[in-house]
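Okay, final.txt is below, compact mmCIF, C-alpha atoms:
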# COMPACT_ATOMS: atom_id res chain seq x y z
CA MET A 298 21.58 -19.43 -10.98
CA THR A 299 19.41 -22.54 -11.19
CA GLU A 300 15.71 -22.17 -10.50
CA THR A 301 14.22 -24.90 -8.34
CA ILE A 302 10.83 -26.02 -9.59
CA GLN A 303 8.42 -27.58 -7.11
CA ARG A 304 6.03 -30.25 -8.30
CA PRO A 305 2.27 -29.63 -7.86
CA GLY A 306 1.25 -30.12 -4.25
CA VAL A 307 4.85 -30.01 -2.97
CA ARG A 308 5.70 -26.89 -1.01
CA PRO A 309 9.15 -25.36 -0.57
CA SER A 310 10.72 -25.48 2.90
CA ALA A 311 10.21 -21.74 3.42
CA THR A 312 6.82 -20.76 2.03
CA LEU A 313 5.87 -17.23 1.06
CA LEU A 314 3.10 -15.33 2.86
CA ARG A 315 1.73 -12.07 1.50
CA PHE A 316 -0.04 -10.06 4.17
CA ALA A 317 -1.36 -6.55 4.68
CA THR A 318 -1.85 -4.37 7.73
CA ALA A 319 -4.78 -2.00 8.19
CA GLY A 320 -6.40 0.02 10.93
CA SER A 321 -7.62 3.45 11.94
CA VAL A 322 -5.36 6.47 12.23
CA ASP A 323 -3.02 6.27 15.24
CA ASP A 324 -3.86 2.65 15.96
CA GLY A 325 -0.15 1.87 15.64
CA LYS A 326 0.17 0.05 12.30
CA SER A 327 3.58 1.46 11.42
CA THR A 328 4.82 0.86 14.97
CA LEU A 329 3.65 -2.76 14.78
CA VAL A 330 5.41 -3.28 11.45
CA GLY A 331 8.56 -1.59 12.76
CA ARG A 332 8.49 -3.75 15.89
CA LEU A 333 7.97 -6.86 13.79
CA LEU A 334 10.95 -6.03 11.59
CA HIS A 335 13.14 -4.95 14.50
CA ASP A 336 12.46 -7.85 16.85
CA SER A 337 12.73 -10.44 14.08
CA LYS A 338 16.20 -9.07 13.25
CA SER A 339 15.07 -7.96 9.78
CA VAL A 340 16.41 -4.40 9.99
CA LEU A 341 19.80 -3.47 8.57
CA THR A 342 22.19 -1.64 10.88
CA ASP A 343 22.24 1.55 8.79
CA GLN A 344 18.43 1.61 8.70
CA LEU A 345 18.23 1.34 12.48
CA GLU A 346 20.88 4.03 12.92
CA ALA A 347 18.94 6.37 10.63
CA VAL A 348 15.77 5.80 12.66
CA GLU A 349 17.60 6.37 15.94
CA ASP A 350 19.09 9.60 14.59
CA ALA A 351 15.70 10.85 13.36
CA SER A 352 14.12 9.96 16.71
CA ARG A 353 16.79 11.88 18.66
CA LYS A 354 16.19 14.96 16.52
CA ARG A 355 12.54 14.75 17.57
CA GLY A 356 13.53 14.62 21.22
CA GLN A 357 12.64 10.93 21.63
CA GLU A 358 14.88 8.78 23.77
CA ALA A 359 13.83 5.45 22.26
CA PRO A 360 13.85 4.84 18.48
CA ASP A 361 10.48 5.44 16.83
CA LEU A 362 10.06 2.15 14.99
CA ALA A 363 7.21 3.59 12.90
CA LEU A 364 9.86 5.44 10.90
CA LEU A 365 10.99 2.11 9.45
CA THR A 366 7.87 2.06 7.28
CA ASP A 367 6.71 5.67 7.02
CA GLY A 368 9.14 6.51 4.25
CA LEU A 369 7.48 9.53 2.63
CA ARG A 370 8.45 12.93 3.98
CA ALA A 371 4.77 13.85 4.36
CA GLU A 372 4.20 10.66 6.36
CA ARG A 373 7.02 11.43 8.79
CA GLU A 374 5.91 15.04 9.19
CA GLN A 375 2.28 14.15 9.86
CA GLY A 376 2.93 10.90 11.69
CA ILE A 377 0.54 8.98 9.44
CA THR A 378 0.73 6.43 6.64
CA ILE A 379 -0.36 7.79 3.25
CA ASP A 380 0.88 5.35 0.63
CA VAL A 381 1.19 1.56 0.66
CA ALA A 382 4.64 0.63 2.00
CA TYR A 383 5.93 -2.77 0.94
CA ARG A 384 8.49 -4.58 3.05
CA TYR A 385 10.24 -7.89 2.40
CA PHE A 386 11.64 -9.97 5.24
CA ALA A 387 12.16 -13.57 6.22
CA THR A 388 12.56 -15.87 9.18
CA PRO A 389 13.90 -19.43 9.14
CA ARG A 390 10.32 -20.67 8.86
CA ARG A 391 8.82 -18.42 6.18
CA ARG A 392 9.35 -15.53 3.76
CA PHE A 393 7.05 -12.50 3.87
CA ILE A 394 5.85 -9.69 1.64
CA LEU A 395 4.16 -7.09 3.83
CA ALA A 396 1.94 -4.25 2.63
CA ASP A 397 1.47 -1.53 5.26
CA THR A 398 -1.71 0.26 4.13
CA PRO A 399 -3.09 3.67 5.18
CA GLY A 400 -5.78 4.09 7.82
CA HIS A 401 -7.44 7.30 6.65
CA VAL A 402 -10.85 6.84 5.02
CA GLN A 403 -9.70 8.87 2.01
CA TYR A 404 -7.02 6.24 1.36
CA THR A 405 -9.38 3.26 1.24
CA ARG A 406 -8.31 2.76 -2.37
CA ASN A 407 -4.73 2.30 -1.16
CA MET A 408 -5.83 -0.51 1.13
CA VAL A 409 -7.55 -2.20 -1.80
CA THR A 410 -4.27 -2.03 -3.70
CA GLY A 411 -2.23 -3.44 -0.82
CA ALA A 412 -4.66 -6.21 0.13
CA SER A 413 -5.60 -7.32 -3.39
CA THR A 414 -2.92 -10.04 -3.42
CA ALA A 415 -2.78 -10.66 0.34
CA GLU A 416 -3.42 -14.06 1.87
CA LEU A 417 -3.77 -12.55 5.35
CA ALA A 418 -4.83 -9.17 6.71
CA VAL A 419 -3.85 -7.78 10.11
CA VAL A 420 -6.50 -5.30 11.29
CA LEU A 421 -5.37 -3.17 14.22
CA VAL A 422 -7.68 -1.80 16.90
CA ASP A 423 -6.79 0.65 19.68
CA ALA A 424 -7.77 -1.11 22.91
CA ARG A 425 -9.02 2.22 24.30
CA ASN A 426 -11.39 2.85 21.38
CA GLY A 427 -12.52 -0.63 20.41
CA VAL A 428 -14.14 -1.40 17.06
CA VAL A 429 -14.78 1.86 15.22
CA GLU A 430 -16.18 2.77 11.82
CA GLN A 431 -12.84 2.41 10.05
CA THR A 432 -12.31 -1.01 11.64
CA ARG A 433 -15.55 -2.22 10.09
CA ARG A 434 -14.56 -0.63 6.80
CA HIS A 435 -11.26 -2.50 6.70
CA ALA A 436 -12.91 -5.78 7.63
CA ALA A 437 -15.42 -5.27 4.82
CA VAL A 438 -12.67 -4.52 2.29
CA ALA A 439 -10.81 -7.67 3.36
CA ALA A 440 -14.02 -9.66 2.90
CA LEU A 441 -14.69 -8.12 -0.52
CA LEU A 442 -11.17 -9.00 -1.64
CA ARG A 443 -11.62 -12.54 -0.30
CA VAL A 444 -8.59 -12.40 1.99
CA PRO A 445 -8.81 -15.87 3.58
CA HIS A 446 -7.19 -15.10 6.97
CA VAL A 447 -7.85 -12.05 9.15
CA VAL A 448 -5.95 -11.24 12.36
CA LEU A 449 -7.44 -8.79 14.85
CA ALA A 450 -4.51 -7.18 16.67
CA VAL A 451 -5.85 -5.35 19.73
CA ASN A 452 -3.04 -2.84 20.22
CA LYS A 453 -2.03 -0.56 23.09
CA MET A 454 -3.02 -3.07 25.73
CA ASP A 455 -0.45 -1.40 28.00
CA LEU A 456 -2.74 1.66 28.10
CA VAL A 457 -5.66 -0.37 29.50
CA ASP A 458 -3.56 -2.16 32.11
CA TYR A 459 -3.47 -5.34 30.00
CA ALA A 460 -7.08 -6.03 31.03
CA GLU A 461 -8.45 -9.29 29.64
CA PRO A 462 -12.13 -8.14 29.70
CA VAL A 463 -11.27 -5.22 27.41
CA PHE A 464 -9.64 -7.54 24.90
CA ALA A 465 -12.42 -10.13 25.12
CA ALA A 466 -15.17 -7.58 24.45
CA ILE A 467 -13.39 -6.15 21.39
CA ALA A 468 -12.62 -9.64 20.06
CA ARG A 469 -16.26 -10.71 20.39
CA GLU A 470 -17.59 -7.63 18.59
CA PHE A 471 -15.10 -7.80 15.71
CA THR A 472 -15.40 -11.57 15.26
CA ALA A 473 -19.18 -11.36 15.02
CA TYR A 474 -18.97 -8.59 12.42
CA ALA A 475 -16.27 -10.26 10.30
CA ALA A 476 -18.07 -13.59 10.44
CA SER A 477 -21.23 -11.89 9.18
CA LEU A 478 -19.22 -10.88 6.10
CA GLY A 479 -18.21 -14.48 5.50
CA VAL A 480 -14.56 -14.20 6.54
CA PRO A 481 -13.58 -17.87 7.02
CA GLU A 482 -10.90 -17.45 9.72
CA ILE A 483 -10.45 -14.74 12.37
CA THR A 484 -7.67 -14.77 14.99
CA ALA A 485 -7.57 -12.19 17.80
CA ILE A 486 -4.26 -11.32 19.50
CA PRO A 487 -3.74 -8.77 22.33
CA ILE A 488 -0.54 -6.75 21.77
CA SER A 489 1.43 -3.65 22.62
CA ALA A 490 3.45 -2.73 19.54
CA LEU A 491 5.29 0.01 21.41
CA ALA A 492 6.42 -2.30 24.23
CA GLY A 493 6.74 -5.41 22.07
CA ASP A 494 4.14 -7.49 23.93
CA ASN A 495 2.99 -10.51 21.87
CA VAL A 496 4.47 -9.16 18.63
CA VAL A 497 7.51 -11.41 18.36
CA GLU A 498 7.98 -12.48 21.99
CA PRO A 499 5.18 -13.59 24.37
CA SER A 500 4.07 -10.98 26.89
CA SER A 501 4.78 -11.44 30.58
CA HIS A 502 1.98 -8.95 31.30
CA MET A 503 -0.80 -11.07 29.75
CA ASP A 504 -0.43 -14.54 31.19
CA TRP A 505 -4.18 -14.96 30.68
CA TYR A 506 -3.55 -15.17 26.92
CA GLY A 507 -2.43 -18.56 25.68
CA GLY A 508 -2.46 -18.01 21.93
CA PRO A 509 0.35 -17.29 19.46
CA THR A 510 2.28 -14.05 19.05
CA VAL A 511 1.77 -12.11 15.83
CA LEU A 512 4.97 -13.47 14.27
CA GLU A 513 4.26 -17.02 15.41
CA HIS A 514 0.83 -16.86 13.78
CA LEU A 515 2.29 -15.40 10.58
CA GLU A 516 4.86 -18.19 10.48
CA THR A 517 2.38 -21.01 11.05
CA VAL A 518 -0.89 -19.93 9.42
CA PRO A 519 -1.59 -22.41 6.61
CA VAL A 520 -1.16 -20.87 3.19
CA SER A 521 -3.60 -23.45 1.97
CA HIS A 522 -4.44 -21.98 -1.40
CA ASP A 523 -2.86 -23.99 -4.18
CA LEU A 524 -2.90 -22.46 -7.65
CA THR A 525 -2.33 -25.90 -9.13
CA ALA A 526 -5.74 -27.00 -7.82
CA CYS A 527 -7.60 -24.11 -9.48
CA HIS A 528 -9.19 -23.93 -12.92
CA ALA A 529 -6.31 -23.99 -15.42
CA ARG A 530 -5.92 -20.63 -17.17
CA PHE A 531 -3.16 -19.41 -19.51
CA PRO A 532 -3.39 -15.80 -20.75
CA VAL A 533 -1.29 -15.43 -23.90
CA GLN A 534 1.21 -12.61 -23.59
CA TYR A 535 3.28 -13.03 -26.73
CA VAL A 536 3.31 -15.12 -29.91
CA ILE A 537 6.75 -16.51 -30.74
CA ARG A 538 7.54 -17.04 -34.45
CA PRO A 539 11.36 -17.14 -34.89
CA GLN A 540 11.15 -18.02 -38.62
CA THR A 541 14.82 -18.98 -38.57
CA PRO A 542 16.20 -21.92 -40.59
CA GLU A 543 16.35 -24.13 -37.47
CA HIS A 544 12.89 -23.04 -36.23
CA ARG A 545 11.11 -22.40 -39.51
CA ASP A 546 7.76 -23.87 -38.41
CA TYR A 547 7.93 -22.98 -34.71
CA ARG A 548 4.83 -21.25 -33.32
CA GLY A 549 4.61 -20.85 -29.56
CA TYR A 550 2.40 -18.91 -27.20
CA ALA A 551 4.28 -17.40 -24.27
CA GLY A 552 2.96 -16.17 -20.94
CA GLN A 553 2.57 -16.94 -17.26
CA ILE A 554 0.16 -19.64 -16.16
CA ALA A 555 -2.42 -17.81 -14.02
CA ALA A 556 -3.78 -20.94 -12.36
CA GLY A 557 -3.93 -24.69 -12.66
CA VAL A 558 -1.85 -27.28 -14.50
CA PHE A 559 -1.28 -27.89 -18.22
CA ARG A 560 -0.05 -31.17 -19.74
CA ILE A 561 1.10 -32.33 -23.14
CA GLY A 562 -1.74 -34.06 -24.97
CA GLU A 563 -4.45 -32.12 -23.16
CA PRO A 564 -7.35 -30.82 -25.29
CA VAL A 565 -7.65 -27.04 -24.92
CA THR A 566 -9.88 -24.22 -26.10
CA VAL A 567 -8.68 -20.79 -27.17
CA LEU A 568 -10.95 -18.00 -25.95
CA PRO A 569 -12.77 -15.88 -26.93
CA SER A 570 -12.72 -17.49 -30.41
CA GLY A 571 -13.66 -20.95 -29.13
CA ARG A 572 -11.20 -22.73 -31.42
CA THR A 573 -9.96 -26.06 -30.08
CA SER A 574 -6.65 -27.89 -30.30
CA THR A 575 -4.31 -30.09 -28.26
CA ILE A 576 -1.12 -29.18 -26.41
CA ALA A 577 1.76 -30.47 -28.51
CA GLY A 578 4.59 -29.17 -26.35
CA ILE A 579 5.52 -27.02 -23.36
CA ASP A 580 8.82 -25.14 -23.22
CA LEU A 581 10.18 -24.01 -19.86
CA LEU A 582 13.53 -22.25 -19.39
CA GLY A 583 14.77 -23.53 -22.72
CA ASP A 584 13.77 -27.15 -22.05
CA SER A 585 10.78 -29.17 -23.15
CA VAL A 586 8.62 -30.45 -20.27
CA ASP A 587 5.56 -32.68 -20.06
CA ILE A 588 3.73 -30.64 -17.43
CA ALA A 589 3.68 -27.04 -16.16
CA TRP A 590 1.75 -25.26 -13.45
CA ALA A 591 1.04 -21.82 -12.00
CA PRO A 592 2.83 -19.47 -11.65
CA GLN A 593 5.45 -20.73 -14.11
CA SER A 594 6.20 -18.73 -17.25
CA VAL A 595 6.16 -21.05 -20.24
CA THR A 596 5.64 -21.30 -23.98
CA ILE A 597 2.82 -23.59 -25.10
CA ARG A 598 2.75 -25.17 -28.57
CA LEU A 599 -0.44 -26.55 -30.12
CA THR A 600 -0.94 -29.37 -32.63
CA ASP A 601 -3.10 -27.19 -34.90
CA ASP A 602 -2.17 -23.95 -36.64
CA VAL A 603 -5.00 -21.95 -35.01
CA ASP A 604 -5.26 -18.17 -34.81
CA VAL A 605 -3.99 -17.18 -31.37
CA SER A 606 -2.81 -13.70 -30.38
CA ARG A 607 -1.94 -11.65 -27.31
CA GLY A 608 -4.92 -11.36 -24.99
CA ASP A 609 -6.37 -14.75 -25.83
CA LEU A 610 -6.91 -17.25 -23.02
CA ILE A 611 -6.04 -20.95 -23.31
CA ALA A 612 -8.03 -23.26 -21.01
CA PRO A 613 -8.85 -26.98 -20.82
CA SER A 614 -11.73 -27.75 -23.16
CA ASP A 615 -13.69 -29.47 -20.39
CA ASP A 616 -13.19 -26.57 -17.93
CA ALA A 617 -13.27 -23.38 -19.99
CA PRO A 618 -14.77 -20.17 -18.54
CA ALA A 619 -17.86 -18.57 -20.05
CA VAL A 620 -17.35 -15.81 -22.59
CA THR A 621 -19.41 -12.66 -22.20
CA GLN A 622 -19.70 -9.02 -23.22
CA ASP A 623 -21.88 -8.09 -20.23
CA ILE A 624 -20.02 -7.90 -16.92
CA GLU A 625 -21.60 -7.27 -13.53
CA ALA A 626 -19.01 -6.64 -10.87
CA THR A 627 -18.04 -4.89 -7.67
CA VAL A 628 -15.50 -2.11 -8.19
CA CYS A 629 -13.46 0.13 -5.95
CA HIS A 630 -13.11 3.53 -7.59
CA VAL A 631 -9.51 4.72 -7.26
CA ALA A 632 -9.38 7.81 -9.49
CA ASP A 633 -10.00 11.39 -8.39
CA ARG A 634 -12.53 12.00 -11.16
CA PRO A 635 -15.91 10.21 -10.90
CA LEU A 636 -17.04 7.10 -12.75
CA THR A 637 -20.39 7.80 -14.41
CA ILE A 638 -23.08 5.95 -16.33
CA GLY A 639 -22.44 6.07 -20.06
CA GLN A 640 -18.71 6.66 -19.61
CA ARG A 641 -16.46 5.02 -22.19
CA VAL A 642 -13.58 3.07 -20.67
CA LEU A 643 -11.01 0.42 -21.40
CA ILE A 644 -11.20 -2.82 -19.47
CA LYS A 645 -7.95 -4.71 -18.86
CA HIS A 646 -8.37 -8.37 -17.98
CA THR A 647 -5.18 -10.46 -17.72
CA THR A 648 -3.31 -9.66 -20.97
CA ARG A 649 -6.39 -8.49 -22.90
CA THR A 650 -7.56 -4.86 -23.14
CA VAL A 651 -10.86 -4.00 -24.87
CA LYS A 652 -13.14 -1.01 -25.20
CA ALA A 653 -16.22 -0.85 -22.98
CA ILE A 654 -18.98 1.40 -21.71
CA VAL A 655 -20.43 1.71 -18.21
CA LYS A 656 -24.09 0.78 -18.73
CA ASP A 657 -25.28 1.12 -15.14
CA ILE A 658 -24.21 1.74 -11.55
CA PRO A 659 -26.95 -0.11 -9.61
CA SER A 660 -25.68 0.67 -6.11
CA ARG A 661 -22.97 2.08 -3.89
CA LEU A 662 -21.94 0.17 -0.79
CA THR A 663 -21.97 1.86 2.60
CA LEU A 664 -19.24 -0.07 4.40
CA ASP A 665 -20.22 1.21 7.84
CA ASP A 666 -23.42 -0.86 7.95
CA LEU A 667 -23.14 -2.78 4.64
CA SER A 668 -26.27 -1.09 3.30
CA GLN A 669 -26.70 -0.46 -0.42
CA HIS A 670 -27.37 3.06 -1.67
CA PRO A 671 -29.41 2.47 -4.85
CA ALA A 672 -28.77 4.25 -8.16
CA PRO A 673 -26.03 6.66 -6.99
CA GLY A 674 -25.45 7.82 -10.56
CA GLN A 675 -21.68 7.89 -10.11
CA LEU A 676 -18.83 6.58 -7.99
CA VAL A 677 -16.19 8.93 -6.60
CA ALA A 678 -12.74 8.23 -5.16
CA ASN A 679 -12.75 5.43 -2.56
CA ASP A 680 -16.36 4.44 -3.32
CA ILE A 681 -17.16 0.75 -3.64
CA GLY A 682 -20.18 -0.12 -5.74
CA ARG A 683 -21.79 -2.43 -8.25
CA VAL A 684 -21.39 -1.69 -11.95
CA VAL A 685 -22.64 -3.17 -15.20
CA VAL A 686 -20.17 -2.92 -18.09
CA ARG A 687 -20.72 -3.76 -21.75
CA THR A 688 -17.55 -4.65 -23.66
CA ALA A 689 -16.92 -4.20 -27.38
CA GLU A 690 -15.35 -7.68 -27.58
CA PRO A 691 -16.04 -10.86 -25.59
CA LEU A 692 -14.00 -11.58 -22.46
CA ALA A 693 -13.42 -14.90 -20.71
CA LEU A 694 -13.83 -14.04 -17.02
CA ASP A 695 -14.12 -16.29 -14.02
CA ALA A 696 -16.05 -15.19 -10.96
CA TYR A 697 -13.74 -13.44 -8.50
CA ALA A 698 -14.91 -15.92 -5.84
CA ASP A 699 -13.38 -18.69 -7.97
CA SER A 700 -10.18 -16.92 -8.96
CA ARG A 701 -8.72 -13.63 -7.73
CA ARG A 702 -6.44 -13.66 -10.79
CA THR A 703 -8.82 -14.27 -13.69
CA GLY A 704 -11.86 -12.80 -11.94
CA SER A 705 -10.33 -9.33 -11.50
CA PHE A 706 -9.91 -6.48 -13.95
CA LEU A 707 -9.13 -2.77 -14.24
CA LEU A 708 -11.20 0.03 -15.73
CA ILE A 709 -8.94 2.52 -17.50
CA ASP A 710 -9.50 6.01 -18.92
CA PRO A 711 -8.88 5.69 -22.68
CA ALA A 712 -7.82 9.34 -22.90
CA ASP A 713 -4.75 9.24 -20.67
CA GLY A 714 -4.39 5.66 -19.39
CA THR A 715 -5.37 6.52 -15.81
CA THR A 716 -6.65 3.60 -13.75
CA LEU A 717 -10.24 4.39 -12.78
CA ALA A 718 -11.39 1.36 -10.81
CA ALA A 719 -10.37 -2.11 -9.69
CA GLY A 720 -13.07 -4.67 -10.41
CA MET A 721 -14.12 -8.06 -9.07
CA ALA A 722 -16.45 -10.02 -11.35
CA GLY A 723 -19.52 -11.73 -9.97
CA GLY A 724 -20.98 -11.43 -6.47
CA SER A 725 -19.59 -9.28 -3.70
CA PHE A 726 -19.62 -10.77 -0.21
CA ALA A 727 -19.55 -14.46 0.64
CA ALA A 728 -22.39 -16.72 1.76
CA ALA A 729 -22.52 -15.56 5.38
CA ALA A 730 -23.26 -12.03 4.22
CA THR A 731 -25.66 -12.88 1.39
CA GLY A 732 -27.43 -15.90 2.85
CA VAL A 733 -26.63 -17.92 -0.30
CA PRO A 734 -24.97 -21.27 0.47
CA GLU A 735 -21.47 -21.85 -0.87
CA PRO A 736 -20.01 -25.17 -2.02
CA ASP A 737 -18.75 -27.56 0.63
CA ASP A 738 -15.14 -26.79 -0.28
CA ALA A 739 -15.57 -23.03 -0.01
CA GLY A 740 -12.65 -21.59 1.92
CA TRP A 741 -11.36 -18.83 -0.35
CA ASP A 742 -8.30 -20.95 -1.11
CA PHE A 743 -7.32 -19.62 -4.50
As structure tokens - that is how I would like this structure written.
Amino acid sequence: MTETIQRPGVRPSATLLRFATAGSVDDGKSTLVGRLLHDSKSVLTDQLEAVEDASRKRGQEAPDLALLTDGLRAEREQGITIDVAYRYFATPRRRFILADTPGHVQYTRNMVTGASTAELAVVLVDARNGVVEQTRRHAAVAALLRVPHVVLAVNKMDLVDYAEPVFAAIAREFTAYAASLGVPEITAIPISALAGDNVVEPSSHMDWYGGPTVLEHLETVPVSHDLTACHARFPVQYVIRPQTPEHRDYRGYAGQIAAGVFRIGEPVTVLPSGRTSTIAGIDLLGDSVDIAWAPQSVTIRLTDDVDVSRGDLIAPSDDAPAVTQDIEATVCHVADRPLTIGQRVLIKHTTRTVKAIVKDIPSRLTLDDLSQHPAPGQLVANDIGRVVVRTAEPLALDAYADSRRTGSFLLIDPADGTTLAAGMAGGSFAAAATGVPEPDDAGWDF
């Protein structure tokens, strides 16, 4: 099978959109996802038959479309989403990777996992309840993770007689809150996932609404981030030294380009050592190329025989990130055991893993009102807070606001390899929340 490579700035005919759904318990996330899959003809016949059979056993006449995503036995028994459910589907206009995340507060960490790579988040609200605490929590998590597009899906409009004033009031409240967090784009859509109103097909019950359906918005929202326009970063994953008669002097550094573009003849710096060289060659799929870009997997050869190993980062010499051993970041604690001051951890950043110690936990974030609880002493499961970490070896991190890929990291328990926290280097919320101006081109397009 031949892989088609797109040049920088040129997009394939069917682009890929990664998006996540979130909302409070019983807001209808799984039903929305099921309706989206069903009405867009993305459900296999045997899957639909299994759902219809399970629904009949429950005494339901119509198929319960939520069962298309609630795959765990515990989820079907309780009627809730517990784990992140990933679904892959496509329409003629776009391909999608969907992460259906839990609504319970104790599964906030699961939403962080599902939304960490999302370019759009769909936040559901029950039209009868309006914006609740968990709605604000999910909006805050989306803002922390710098998800560039947020859709407010006001669900169960059929239970409020499709009243426009109800929708308008909820949309105003949520939009004001999300905007205060610095979310750059918010789109509100009134829907009934159960009845199918405004999910795939326009609703005949809400002629007062002239905007897109959920699917139409998903198909047309601009996926404007372009990795080729970001700071060029190449984490080295493997050093290739064949030492065969035909490749006696070959030394290549293999990995996936995290962001940006690399060209033959470009001066580069190897971090954290700071050694400099020039790109002598780039090998891609067995062929030599003059240029490569994210997210291609390539092997880079340098003109100089410098010391490069797994975990090093290659970057343009005129645009290299700062190297530091002191990291201040926002983390979401995902482990059941607490994260404490003085705790020894491993920090995994791209392909590099180093020893570290938690020097301080300055604050814990209260997502309900965005207040900071100073000096909490520890973070427990689902907590989001600020930490200061000192590493045993230097790391080349970007700010998370500049790059979600090279500005993120994991804290790991060195004893058993358990992931403790997901971290985002640098500041937390965007300018609208902090009052600090952002650059003119700020749009979270990374």
Discussion item. Just to confirm, what's the straight-line distance from CA of Thr688 in chain A to CA of Leu708 in chain A in Å (one decimal)?
Written reply: 11.2 Å
Item to complete: Name all residues at most 8 Å from range 635-644 of chain A (count all atoms listed in the file; drop same-chain ones fewer than 3 positions away) and give them as number ranges by chain.
Response: A: 630, 632, 650-658, 674-678, 688, 706-711, 717
Next, write the just-selected residues to a file, as a compact mmCIF listing (two decimals), keeping the file's coordinate frame, keeping C-alpha atoms as the atom set.
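Below you can see result-v8.txt, which holds the result:
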# COMPACT_ATOMS: atom_id res chain seq x y z
CA HIS A 630 -13.11 3.53 -7.59
CA ALA A 632 -9.38 7.81 -9.49
CA THR A 650 -7.56 -4.86 -23.14
CA VAL A 651 -10.86 -4.00 -24.87
CA LYS A 652 -13.14 -1.01 -25.20
CA ALA A 653 -16.22 -0.85 -22.98
CA ILE A 654 -18.98 1.40 -21.71
CA VAL A 655 -20.43 1.71 -18.21
CA LYS A 656 -24.09 0.78 -18.73
CA ASP A 657 -25.28 1.12 -15.14
CA ILE A 658 -24.21 1.74 -11.55
CA GLY A 674 -25.45 7.82 -10.56
CA GLN A 675 -21.68 7.89 -10.11
CA LEU A 676 -18.83 6.58 -7.99
CA VAL A 677 -16.19 8.93 -6.60
CA ALA A 678 -12.74 8.23 -5.16
CA THR A 688 -17.55 -4.65 -23.66
CA PHE A 706 -9.91 -6.48 -13.95
CA LEU A 707 -9.13 -2.77 -14.24
CA LEU A 708 -11.20 0.03 -15.73
CA ILE A 709 -8.94 2.52 -17.50
CA ASP A 710 -9.50 6.01 -18.92
CA PRO A 711 -8.88 5.69 -22.68
CA LEU A 717 -10.24 4.39 -12.78
Worksheet entry | Point-to-point distance from CA of Leu512 in chain A to CA of Gln431 in chain A, Å rounded to tenths | 24.2 Å
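Each of A:Asp633, A:Leu581, A:Ile597, A:Leu664 was checked against Ala439 in chain A using only C-alpha atoms; the smallest atom-to-atom distance is that of A:Leu664.
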Worksheet entry | Distance of CA of Ile537 in chain A from CA of Arg607 in chain A, expressed in Å to one decimal place | 10.5 Å
Skip range 690-694 of chain A itself and residues of its chain fewer than 2 positions away, then list as a PDB file with C-alpha atoms, in the frame of the given file all residues within 9 Å of it, counting all atoms listed in the file.
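Writing the result to selection.pdb gives the following:
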ATOM      1  CA  LEU A 568     -10.950 -18.000 -25.950  1.00  0.00           C
ATOM      2  CA  PRO A 569     -12.770 -15.880 -26.930  1.00  0.00           C
ATOM      3  CA  SER A 570     -12.720 -17.490 -30.410  1.00  0.00           C
ATOM      4  CA  ASP A 609      -6.370 -14.750 -25.830  1.00  0.00           C
ATOM      5  CA  LEU A 610      -6.910 -17.250 -23.020  1.00  0.00           C
ATOM      6  CA  ALA A 617     -13.270 -23.380 -19.990  1.00  0.00           C
ATOM      7  CA  PRO A 618     -14.770 -20.170 -18.540  1.00  0.00           C
ATOM      8  CA  ALA A 619     -17.860 -18.570 -20.050  1.00  0.00           C
ATOM      9  CA  VAL A 620     -17.350 -15.810 -22.590  1.00  0.00           C
ATOM     10  CA  THR A 621     -19.410 -12.660 -22.200  1.00  0.00           C
ATOM     11  CA  GLN A 622     -19.700  -9.020 -23.220  1.00  0.00           C
ATOM     12  CA  ASP A 623     -21.880  -8.090 -20.230  1.00  0.00           C
ATOM     13  CA  ILE A 624     -20.020  -7.900 -16.920  1.00  0.00           C
ATOM     14  CA  HIS A 646      -8.370  -8.370 -17.980  1.00  0.00           C
ATOM     15  CA  ARG A 649      -6.390  -8.490 -22.900  1.00  0.00           C
ATOM     16  CA  VAL A 651     -10.860  -4.000 -24.870  1.00  0.00           C
ATOM     17  CA  LYS A 652     -13.140  -1.010 -25.200  1.00  0.00           C
ATOM     18  CA  ALA A 653     -16.220  -0.850 -22.980  1.00  0.00           C
ATOM     19  CA  ARG A 687     -20.720  -3.760 -21.750  1.00  0.00           C
ATOM     20  CA  THR A 688     -17.550  -4.650 -23.660  1.00  0.00           C
ATOM     21  CA  ALA A 696     -16.050 -15.190 -10.960  1.00  0.00           C
ATOM     22  CA  TYR A 697     -13.740 -13.440  -8.500  1.00  0.00           C
ATOM     23  CA  THR A 703      -8.820 -14.270 -13.690  1.00  0.00           C
ATOM     24  CA  GLY A 704     -11.860 -12.800 -11.940  1.00  0.00           C
ATOM     25  CA  SER A 705     -10.330  -9.330 -11.500  1.00  0.00           C
ATOM     26  CA  ALA A 722     -16.450 -10.020 -11.350  1.00  0.00           C
TER      27      ALA A 722
END
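All protein, DNA and RNA residues at most 10 Å from (9.3, -6.4, 3.5) are A:Arg315, A:Val330, A:Leu334, A:Ser339, A:Val340, A:Thr366, A:Ala382, A:Tyr383, A:Arg384, A:Tyr385, A:Phe386, A:Ala387, A:Arg392, A:Phe393, A:Ile394, A:Leu395, A:Ala396, A:Asp397, using all atoms listed in the file.
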Worksheet item: Is there a way to get, as a VMD selection string, all residues within 12 Å of the point (0.0, -20.6, -16.6) in file coordinates, counting only C-alpha atoms?
Response: chain A and resid 524 to 525 527 to 534 550 to 560 579 to 581 588 to 597 610 to 613 647 702 to 703
Worksheet item: Which residues, written as a ChimeraX atom specification, have at least one atom at most 10 Å from Ser489 in chain A, with all atoms listed in the file counted and residues fewer than 6 positions away on the same chain left out?
Response: /A:325,328-329,332,423-424,450-456,459,495-496,500
